[in-house]
file run09.txt (compact mmCIF, C-alpha atoms and all ligand atoms)
# COMPACT_ATOMS: atom_id res chain seq x y z
CA MET A 15 76.94 28.92 94.96
CA ASP A 16 80.59 27.89 94.93
CA LYS A 17 82.95 27.75 91.96
CA ASP A 18 82.81 23.94 91.74
CA LEU A 19 79.04 23.92 91.42
CA ILE A 20 79.15 26.68 88.76
CA ARG A 21 81.67 24.59 86.86
CA GLU A 22 79.67 21.38 87.24
CA LEU A 23 76.46 22.99 85.95
CA THR A 24 78.33 24.68 83.09
CA THR A 25 79.80 21.36 81.97
CA TYR A 26 76.35 19.79 82.24
CA VAL A 27 74.74 22.19 79.75
CA HIS A 28 77.84 22.63 77.60
CA ASN A 29 78.28 18.87 77.03
CA ALA A 30 74.60 18.52 76.14
CA GLU A 31 75.04 21.18 73.45
CA LYS A 32 78.25 19.65 72.11
CA GLU A 33 76.83 16.12 72.11
CA LYS A 34 73.40 17.27 70.82
CA ARG A 35 71.67 15.45 73.61
CA GLU A 36 68.73 16.41 75.80
CA ILE A 37 69.22 16.80 79.53
CA THR A 38 66.85 17.20 82.45
CA LYS A 39 66.59 20.78 83.60
CA ILE A 40 69.02 21.78 86.37
CA THR A 41 66.20 22.68 88.77
CA ALA A 42 64.60 19.21 88.49
CA GLU A 43 67.20 17.43 90.63
CA LEU A 44 70.77 18.66 90.26
CA TYR A 45 70.20 21.99 91.95
CA PRO A 46 66.55 22.96 92.52
CA GLU A 47 67.49 26.20 94.30
CA LEU A 48 69.12 27.76 91.22
CA THR A 49 68.22 31.48 91.11
CA ILE A 50 68.20 33.73 88.04
CA GLU A 51 71.40 35.43 89.25
CA GLU A 52 73.07 32.01 89.60
CA GLY A 53 71.76 31.09 86.15
CA TYR A 54 73.71 34.06 84.79
CA LEU A 55 76.82 32.91 86.71
CA VAL A 56 76.58 29.59 84.86
CA GLN A 57 75.92 31.39 81.55
CA GLU A 58 79.00 33.59 82.11
CA GLU A 59 81.16 30.53 82.77
CA LEU A 60 79.70 28.83 79.67
CA ILE A 61 80.59 31.88 77.58
CA ARG A 62 84.13 31.92 78.99
CA GLU A 63 84.46 28.23 78.03
CA LYS A 64 83.22 28.84 74.49
CA LEU A 65 85.64 31.77 74.10
CA LYS A 66 88.45 29.53 75.38
CA GLU A 67 87.53 26.97 72.71
CA GLY A 68 88.08 29.69 70.10
CA HIS A 69 84.45 30.64 69.40
CA LYS A 70 83.58 34.32 69.08
CA ILE A 71 80.59 36.33 70.27
CA ILE A 72 78.62 37.81 67.39
CA GLY A 73 76.07 39.69 69.45
CA PRO A 74 73.57 39.60 72.30
CA LYS A 75 70.04 38.25 72.11
CA MET A 76 67.03 39.02 74.21
CA GLY A 77 64.49 36.32 74.96
CA ILE A 78 61.00 36.01 76.44
CA THR A 79 60.12 39.55 75.38
CA SER A 80 56.68 38.79 73.94
CA GLU A 81 53.43 37.49 75.39
CA ALA A 82 53.48 34.68 72.81
CA LYS A 83 56.86 33.45 74.09
CA MET A 84 55.95 33.88 77.75
CA LYS A 85 52.84 31.75 77.24
CA GLN A 86 54.54 29.13 75.10
CA MET A 87 57.50 28.66 77.44
CA ASN A 88 55.60 29.26 80.68
CA VAL A 89 58.13 31.81 81.93
CA ASP A 90 57.52 35.49 82.44
CA ASN A 91 60.55 37.74 82.24
CA PRO A 92 62.96 39.01 79.60
CA ILE A 93 66.40 37.41 79.67
CA TYR A 94 69.53 37.68 77.56
CA GLY A 95 72.18 35.43 76.09
CA TYR A 96 74.69 35.47 73.23
CA VAL A 97 74.87 34.35 69.62
CA PHE A 98 78.27 32.89 68.70
CA ASP A 99 80.02 32.72 65.34
CA TYR A 100 79.44 28.98 64.90
CA MET A 101 75.67 29.56 65.17
CA VAL A 102 75.34 31.94 62.24
CA VAL A 103 73.46 30.60 59.21
CA GLU A 104 73.72 32.53 55.94
CA GLU A 105 70.47 33.74 54.46
CA GLY A 106 69.25 31.29 51.79
CA ASP A 107 71.54 28.54 53.08
CA SER A 108 70.65 25.10 54.48
CA ILE A 109 71.01 23.72 57.97
CA SER A 110 71.23 20.06 58.81
CA ILE A 111 68.68 18.94 61.40
CA ALA A 112 71.25 16.45 62.70
CA ASP A 113 73.33 19.37 64.01
CA TYR A 114 70.60 20.19 66.54
CA ILE A 115 68.55 18.44 69.23
CA HIS A 116 64.98 19.64 68.53
CA PRO A 117 65.31 23.02 66.81
CA LYS A 118 62.58 25.64 66.57
CA VAL A 119 62.46 28.98 64.77
CA GLU A 120 61.07 32.36 65.67
CA PRO A 121 61.00 35.66 63.76
CA GLU A 122 62.89 38.53 65.39
CA ILE A 123 63.71 42.13 64.52
CA GLY A 124 67.42 42.88 64.76
CA PHE A 125 69.30 46.09 65.57
CA ILE A 126 72.80 47.33 64.86
CA LEU A 127 73.96 50.37 66.85
CA ASP A 128 76.44 52.97 65.69
CA ARG A 129 77.51 53.78 69.25
CA ASP A 130 77.71 51.86 72.51
CA LEU A 131 74.73 52.05 74.85
CA GLU A 132 75.50 52.04 78.52
CA GLY A 133 72.74 51.86 81.13
CA PRO A 134 71.17 52.38 83.55
CA GLY A 135 68.35 54.63 82.45
CA ILE A 136 68.46 53.84 78.71
CA THR A 137 65.10 54.58 77.04
CA PRO A 138 63.70 53.29 73.72
CA LEU A 139 64.33 56.78 72.31
CA ASP A 140 68.03 56.52 73.27
CA VAL A 141 68.08 53.20 71.44
CA LEU A 142 66.53 54.59 68.26
CA ARG A 143 68.99 57.52 68.30
CA ALA A 144 71.89 55.09 68.60
CA THR A 145 70.57 52.70 65.93
CA GLU A 146 72.38 52.49 62.64
CA TYR A 147 70.13 49.83 61.09
CA VAL A 148 67.32 47.46 61.84
CA PHE A 149 67.13 44.17 59.97
CA PRO A 150 64.87 41.10 59.62
CA SER A 151 65.96 37.84 61.15
CA ILE A 152 65.05 34.32 62.22
CA GLU A 153 66.44 32.83 65.39
CA ILE A 154 66.95 29.07 65.70
CA ILE A 155 66.54 27.98 69.30
CA ASP A 156 67.44 24.54 70.58
CA SER A 157 67.00 24.21 74.32
CA ARG A 158 69.27 21.58 75.71
CA TYR A 159 66.46 20.62 78.10
CA GLU A 160 63.97 17.83 77.40
CA ASN A 161 60.86 19.13 75.63
CA PHE A 162 62.02 22.75 76.07
CA ASN A 163 60.87 22.30 79.65
CA PHE A 164 62.67 24.76 81.92
CA THR A 165 62.38 27.54 84.49
CA LEU A 166 63.86 30.99 83.95
CA PRO A 167 67.11 30.18 85.85
CA ASP A 168 67.54 26.97 83.79
CA VAL A 169 67.16 28.70 80.42
CA VAL A 170 69.49 31.54 81.46
CA ALA A 171 72.15 28.95 82.36
CA ASP A 172 71.63 27.36 78.93
CA ASN A 173 72.48 30.63 77.14
CA THR A 174 68.75 31.17 76.46
CA SER A 175 68.56 28.17 74.07
CA ALA A 176 70.80 29.99 71.53
CA ALA A 177 71.67 27.68 68.64
CA GLY A 178 71.36 29.58 65.37
CA ALA A 179 70.66 32.93 63.80
CA VAL A 180 69.85 33.92 60.24
CA PHE A 181 70.49 37.64 59.88
CA GLY A 182 68.67 39.15 56.92
CA THR A 183 70.62 41.46 54.66
CA TYR A 184 67.77 43.96 54.15
CA LEU A 185 68.87 46.91 56.29
CA ARG A 186 66.66 49.87 57.09
CA ARG A 187 67.25 53.06 59.07
CA PRO A 188 64.94 53.04 62.11
CA GLU A 189 63.21 56.28 61.06
CA GLU A 190 62.11 54.63 57.81
CA LEU A 191 59.74 52.35 59.73
CA GLU A 192 57.33 52.29 62.63
CA LEU A 193 58.81 49.26 64.30
CA ASP A 194 55.76 48.55 66.45
CA VAL A 195 53.56 48.07 63.39
CA VAL A 196 56.05 46.13 61.30
CA GLY A 197 54.16 42.90 60.68
CA VAL A 198 55.72 39.50 60.17
CA THR A 199 54.57 36.10 58.96
CA LEU A 200 56.58 32.97 59.58
CA SER A 201 55.87 30.25 57.05
CA ILE A 202 57.12 26.74 56.44
CA ASN A 203 56.83 25.40 52.91
CA GLY A 204 54.55 28.30 52.07
CA GLU A 205 52.13 27.70 54.92
CA ILE A 206 51.86 30.45 57.54
CA LYS A 207 52.66 29.01 60.96
CA SER A 208 52.65 32.17 63.07
CA LEU A 209 52.32 35.90 62.64
CA GLY A 210 52.62 39.09 64.64
CA ALA A 211 53.93 42.63 64.73
CA GLY A 212 56.87 44.44 66.32
CA ALA A 213 54.66 45.72 69.14
CA ALA A 214 54.50 42.15 70.49
CA VAL A 215 58.07 42.71 71.71
CA LEU A 216 57.68 44.81 74.86
CA GLY A 217 55.52 47.33 72.95
CA ASN A 218 58.38 48.08 70.55
CA PRO A 219 61.56 46.13 69.86
CA ALA A 220 63.56 49.28 70.71
CA ASN A 221 62.33 48.72 74.25
CA SER A 222 63.94 45.28 74.23
CA VAL A 223 67.33 46.81 73.38
CA ALA A 224 66.83 49.39 76.16
CA ARG A 225 66.06 46.58 78.62
CA LEU A 226 69.19 44.77 77.47
CA ALA A 227 71.35 47.86 78.04
CA ASN A 228 69.84 48.36 81.48
CA MET A 229 70.25 44.68 82.46
CA LEU A 230 73.87 44.64 81.25
CA ALA A 231 74.54 47.82 83.24
CA GLU A 232 74.00 45.84 86.44
CA LYS A 233 77.14 43.90 85.51
CA GLY A 234 79.06 46.99 84.39
CA GLU A 235 78.62 45.94 80.75
CA LYS A 236 77.11 47.72 77.75
CA VAL A 237 75.51 47.02 74.39
CA LYS A 238 78.23 47.44 71.82
CA ALA A 239 78.14 49.29 68.52
CA GLY A 240 78.35 47.14 65.39
CA GLN A 241 77.04 43.89 66.91
CA PRO A 242 73.75 42.46 65.62
CA ILE A 243 71.24 42.41 68.48
CA LEU A 244 68.24 40.06 68.46
CA THR A 245 65.26 41.56 70.30
CA GLY A 246 63.29 38.35 70.98
CA GLY A 247 60.72 36.20 69.23
CA ILE A 248 57.65 38.10 68.08
CA THR A 249 55.57 34.92 67.86
CA ALA A 250 55.63 31.48 69.44
CA ALA A 251 58.45 29.31 68.09
CA VAL A 252 57.79 26.63 65.46
CA ARG A 253 59.43 23.16 65.30
CA LEU A 254 61.62 22.31 62.30
CA SER A 255 61.69 19.12 60.23
CA PRO A 256 63.89 17.96 57.37
CA GLY A 257 62.62 19.30 54.05
CA ASP A 258 61.38 22.57 55.50
CA PHE A 259 61.75 25.83 53.64
CA VAL A 260 61.50 28.46 56.37
CA GLN A 261 60.64 32.03 55.53
CA ALA A 262 59.91 35.14 57.61
CA LYS A 263 58.38 38.01 55.64
CA TYR A 264 58.34 41.45 57.24
CA GLY A 265 56.24 44.46 56.23
CA GLY A 266 58.71 47.03 54.96
CA LEU A 267 61.67 45.08 56.28
CA GLY A 268 62.25 42.45 53.64
CA ASP A 269 62.37 38.74 54.27
CA VAL A 270 64.71 36.00 55.44
CA SER A 271 64.70 32.34 54.54
CA PHE A 272 66.68 29.12 54.78
CA PHE A 273 66.29 25.38 54.19
CA VAL A 274 66.36 22.39 56.53
CA LYS A 275 68.01 19.14 55.42
CA GLU A 276 68.29 15.72 57.10
C1 LIG B 1 64.25 30.43 75.28
C2 LIG B 1 64.79 31.46 74.35
C3 LIG B 1 63.83 32.59 74.19
C4 LIG B 1 63.07 34.40 72.61
O1 LIG B 1 63.23 35.03 71.57
O2 LIG B 1 62.08 34.55 73.33
C5 LIG B 1 64.11 33.42 73.00
C6 LIG B 1 63.39 29.42 74.57
O3 LIG B 1 62.27 29.77 74.17
O4 LIG B 1 63.83 28.26 74.45
O5 LIG B 1 65.10 33.34 72.32
MG MG B 2 64.74 34.26 70.38
call {"tool": "encode", "arguments": {"input": "run09.txt", "output": "structure tokens"}}
result
Amino acid sequence: MDKDLIRELTTYVHNAEKEKREITKITAELYPELTIEEGYLVQEELIREKLKEGHKIIGPKMGITSEAKMKQMNVDNPIYGYVFDYMVVEEGDSISIADYIHPKVEPEIGFILDRDLEGPGITPLDVLRATEYVFPSIEIIDSRYENFNFTLPDVVADNTSAAGAVFGTYLRRPEELELDVVGVTLSINGEIKSLGAGAAVLGNPANSVARLANMLAEKGEKVKAGQPILTGGITAAVRLSPGDFVQAKYGGLGDVSFFVKE
């Protein structure tokens, strides 16, 4: 894939995000041969463009790490992308639905490391040893593709649908919890829409961070200390509408909530 094509595909997804407009997935017509590796080349160019525009990376996010997400999205492998500063929503705050295309939410367990993790060969135990805190969170995803219809290479190119993140402020040391049995309910206006437990995420969300470190190692990159890391949706994602009060309640890990306006 030459530089011009990488640039063309990057502009295609980037403009859709900026203009809050749905596009047809890349693999439908533009470039059906797109591979996962090429999807990451587009994602890397997209990230360079965002950095050039003055946006800052807050932290990495894993995606498609649970059976629920694999089934819902009809894709089958963990992927990663990045949360940027302009995507962060303060806990208890409101978002405006007009700032998104067709946003959905999913509950995720977050990690903050106190030292860098450099793969290959990182294990979940290495992750737990390097973890300063775990925290509750809600990710807002907003695929730029029509109806969230995409293949794995498409969604990688689209920075894994990253659009928003609400990082809870309830921090816990990892040894205070058994992350696999931390339960979560996601409710909208008090009605439970989905529920699950940490084990849904690759057996344990620490495993998701290990996978991230090992995937980044293939590019000579590492998971950095101090950055919030999202480990992937525990449950299927739920569509948002104006007037929604969205809350994720975690067993032993506090809760996170925000409002949705017009
Ligand atoms: C892709 C993003 C997946 C997760 O947690 O699984 C993701 C999507 O579902 O649009 O963030
Ligand atoms: Mg997610």
call {"tool": "closest_residue", "arguments": {"input": "run09.txt", "among": "A:Thr174, A:Thr79, A:Thr137, A:Ser201", "to": "A:Thr245", "atoms": "all atoms listed in the file"}}
result
A:Thr79
call {"tool": "closest_atom_pairs", "arguments": {"input": "run09.txt", "of": "chain A", "to": "ligand MG 2 (chain B)", "cutoff": "12 Å", "atoms": "only C-alpha atoms and all ligand atoms", "output": "CSV"}}
result
residue,atom,partner,partner_atom,distance
A:Pro74,CA,B:MG2,MG,10.5
A:Lys75,CA,B:MG2,MG,6.9
A:Met76,CA,B:MG2,MG,6.5
A:Gly77,CA,B:MG2,MG,5.0
A:Ile78,CA,B:MG2,MG,7.3
A:Thr79,CA,B:MG2,MG,8.6
A:Ser80,CA,B:MG2,MG,9.9
A:Ala82,CA,B:MG2,MG,11.5
A:Lys83,CA,B:MG2,MG,8.7
A:Met84,CA,B:MG2,MG,11.5
A:Met87,CA,B:MG2,MG,11.6
A:Pro92,CA,B:MG2,MG,10.5
A:Ile93,CA,B:MG2,MG,9.9
A:Tyr94,CA,B:MG2,MG,9.3
A:Gly95,CA,B:MG2,MG,9.5
A:Tyr96,CA,B:MG2,MG,10.4
A:Val97,CA,B:MG2,MG,10.2
A:Pro117,CA,B:MG2,MG,11.8
A:Lys118,CA,B:MG2,MG,9.7
A:Val119,CA,B:MG2,MG,8.0
A:Glu120,CA,B:MG2,MG,6.3
A:Pro121,CA,B:MG2,MG,7.7
A:Glu122,CA,B:MG2,MG,6.8
A:Ile123,CA,B:MG2,MG,9.9
A:Gly124,CA,B:MG2,MG,10.6
A:Ser151,CA,B:MG2,MG,10.0
A:Ile152,CA,B:MG2,MG,8.2
A:Glu153,CA,B:MG2,MG,5.5
A:Ile154,CA,B:MG2,MG,7.3
A:Ile155,CA,B:MG2,MG,6.6
A:Asp156,CA,B:MG2,MG,10.1
A:Ser157,CA,B:MG2,MG,11.0
A:Val169,CA,B:MG2,MG,11.7
A:Asn173,CA,B:MG2,MG,10.9
A:Thr174,CA,B:MG2,MG,7.9
A:Ser175,CA,B:MG2,MG,8.1
A:Ala176,CA,B:MG2,MG,7.5
A:Ala177,CA,B:MG2,MG,9.7
A:Gly178,CA,B:MG2,MG,9.5
A:Ala179,CA,B:MG2,MG,9.0
A:Val180,CA,B:MG2,MG,11.4
A:Val215,CA,B:MG2,MG,10.8
A:Ser222,CA,B:MG2,MG,11.7
A:Ile243,CA,B:MG2,MG,10.6
A:Leu244,CA,B:MG2,MG,7.0
A:Thr245,CA,B:MG2,MG,7.3
A:Gly246,CA,B:MG2,MG,4.4
A:Gly247,CA,B:MG2,MG,4.6
A:Ile248,CA,B:MG2,MG,8.4
A:Thr249,CA,B:MG2,MG,9.5
A:Ala250,CA,B:MG2,MG,9.6
A:Ala251,CA,B:MG2,MG,8.3
A:Val252,CA,B:MG2,MG,11.4
call {"tool": "closest_residue", "arguments": {"input": "run09.txt", "among": "A:Val196, A:Lys32, A:Asp107, A:Gly133", "to": "A:Lys233", "atoms": "all atoms listed in the file"}}
result
A:Gly133
call {"tool": "atom_distance", "arguments": {"input": "run09.txt", "atom1": "atom CA of A:Ile72", "atom2": "atom CA of A:Ile126"}}
result
11.4 Å
call {"tool": "residues_around", "arguments": {"input": "run09.txt", "residues": "stretch 42-47 of chain A", "least_positions_apart": "3", "cutoff": "10 Å", "atoms": "all atoms listed in the file", "output": "PDB file with C-alpha atoms, in the frame of the given file"}}
result
ATOM      1  CA  MET A  15      76.940  28.920  94.960  1.00  0.00           C
ATOM      2  CA  LEU A  19      79.040  23.920  91.420  1.00  0.00           C
ATOM      3  CA  GLU A  22      79.670  21.380  87.240  1.00  0.00           C
ATOM      4  CA  LEU A  23      76.460  22.990  85.950  1.00  0.00           C
ATOM      5  CA  TYR A  26      76.350  19.790  82.240  1.00  0.00           C
ATOM      6  CA  THR A  38      66.850  17.200  82.450  1.00  0.00           C
ATOM      7  CA  LYS A  39      66.590  20.780  83.600  1.00  0.00           C
ATOM      8  CA  ILE A  50      68.200  33.730  88.040  1.00  0.00           C
ATOM      9  CA  GLU A  52      73.070  32.010  89.600  1.00  0.00           C
ATOM     10  CA  PHE A 164      62.670  24.760  81.920  1.00  0.00           C
ATOM     11  CA  THR A 165      62.380  27.540  84.490  1.00  0.00           C
ATOM     12  CA  PRO A 167      67.110  30.180  85.850  1.00  0.00           C
ATOM     13  CA  ASP A 168      67.540  26.970  83.790  1.00  0.00           C
TER      14      ASP A 168
END
call {"tool": "closest_residue", "arguments": {"input": "run09.txt", "among": "A:Leu131, A:Ala231, A:Leu226, A:Ala171", "to": "A:Ile40", "atoms": "all atoms listed in the file"}}
result
A:Ala171
call {"tool": "atom_distance", "arguments": {"input": "run09.txt", "atom1": "atom CA of A:His28", "atom2": "atom O2 of ligand LIG 1 (chain B)"}}
result
20.2 Å
call {"tool": "closest_residue", "arguments": {"input": "run09.txt", "among": "A:Glu160, A:Glu189, A:Glu33, A:Glu58", "to": "ligand LIG 1 (chain B)", "atoms": "only C-alpha atoms and all ligand atoms"}}
result
A:Glu160
call {"tool": "axis_aligned_box", "arguments": {"input": "run09.txt", "around": "ligand LIG 1 (chain B)", "padding_each_side": "3 Å", "output": "AutoDock Vina command-line options"}}
result
--center_x 63.6 --center_y 31.6 --center_z 73.4 --size_x 9.0 --size_y 12.8 --size_z 9.7
call {"tool": "closest_residue", "arguments": {"input": "run09.txt", "among": "A:Arg158, A:Lys207, A:Lys64, A:Lys34", "to": "ligand LIG 1 (chain B)", "atoms": "only C-alpha atoms and all ligand atoms"}}
result
A:Arg158
call {"tool": "closest_residue", "arguments": {"input": "run09.txt", "among": "A:Glu81, A:Glu104, A:Asp269, A:Glu205", "to": "ligand LIG 1 (chain B)", "atoms": "all atoms listed in the file"}}
result
A:Glu81
call {"tool": "residues_near_point", "arguments": {"input": "run09.txt", "point": "(61.6, 54.3, 56.4)", "cutoff": "12 Å", "atoms": "all atoms listed in the file", "output": "ChimeraX atom specification"}}
result
/A:147-148,185-193,196,265-267
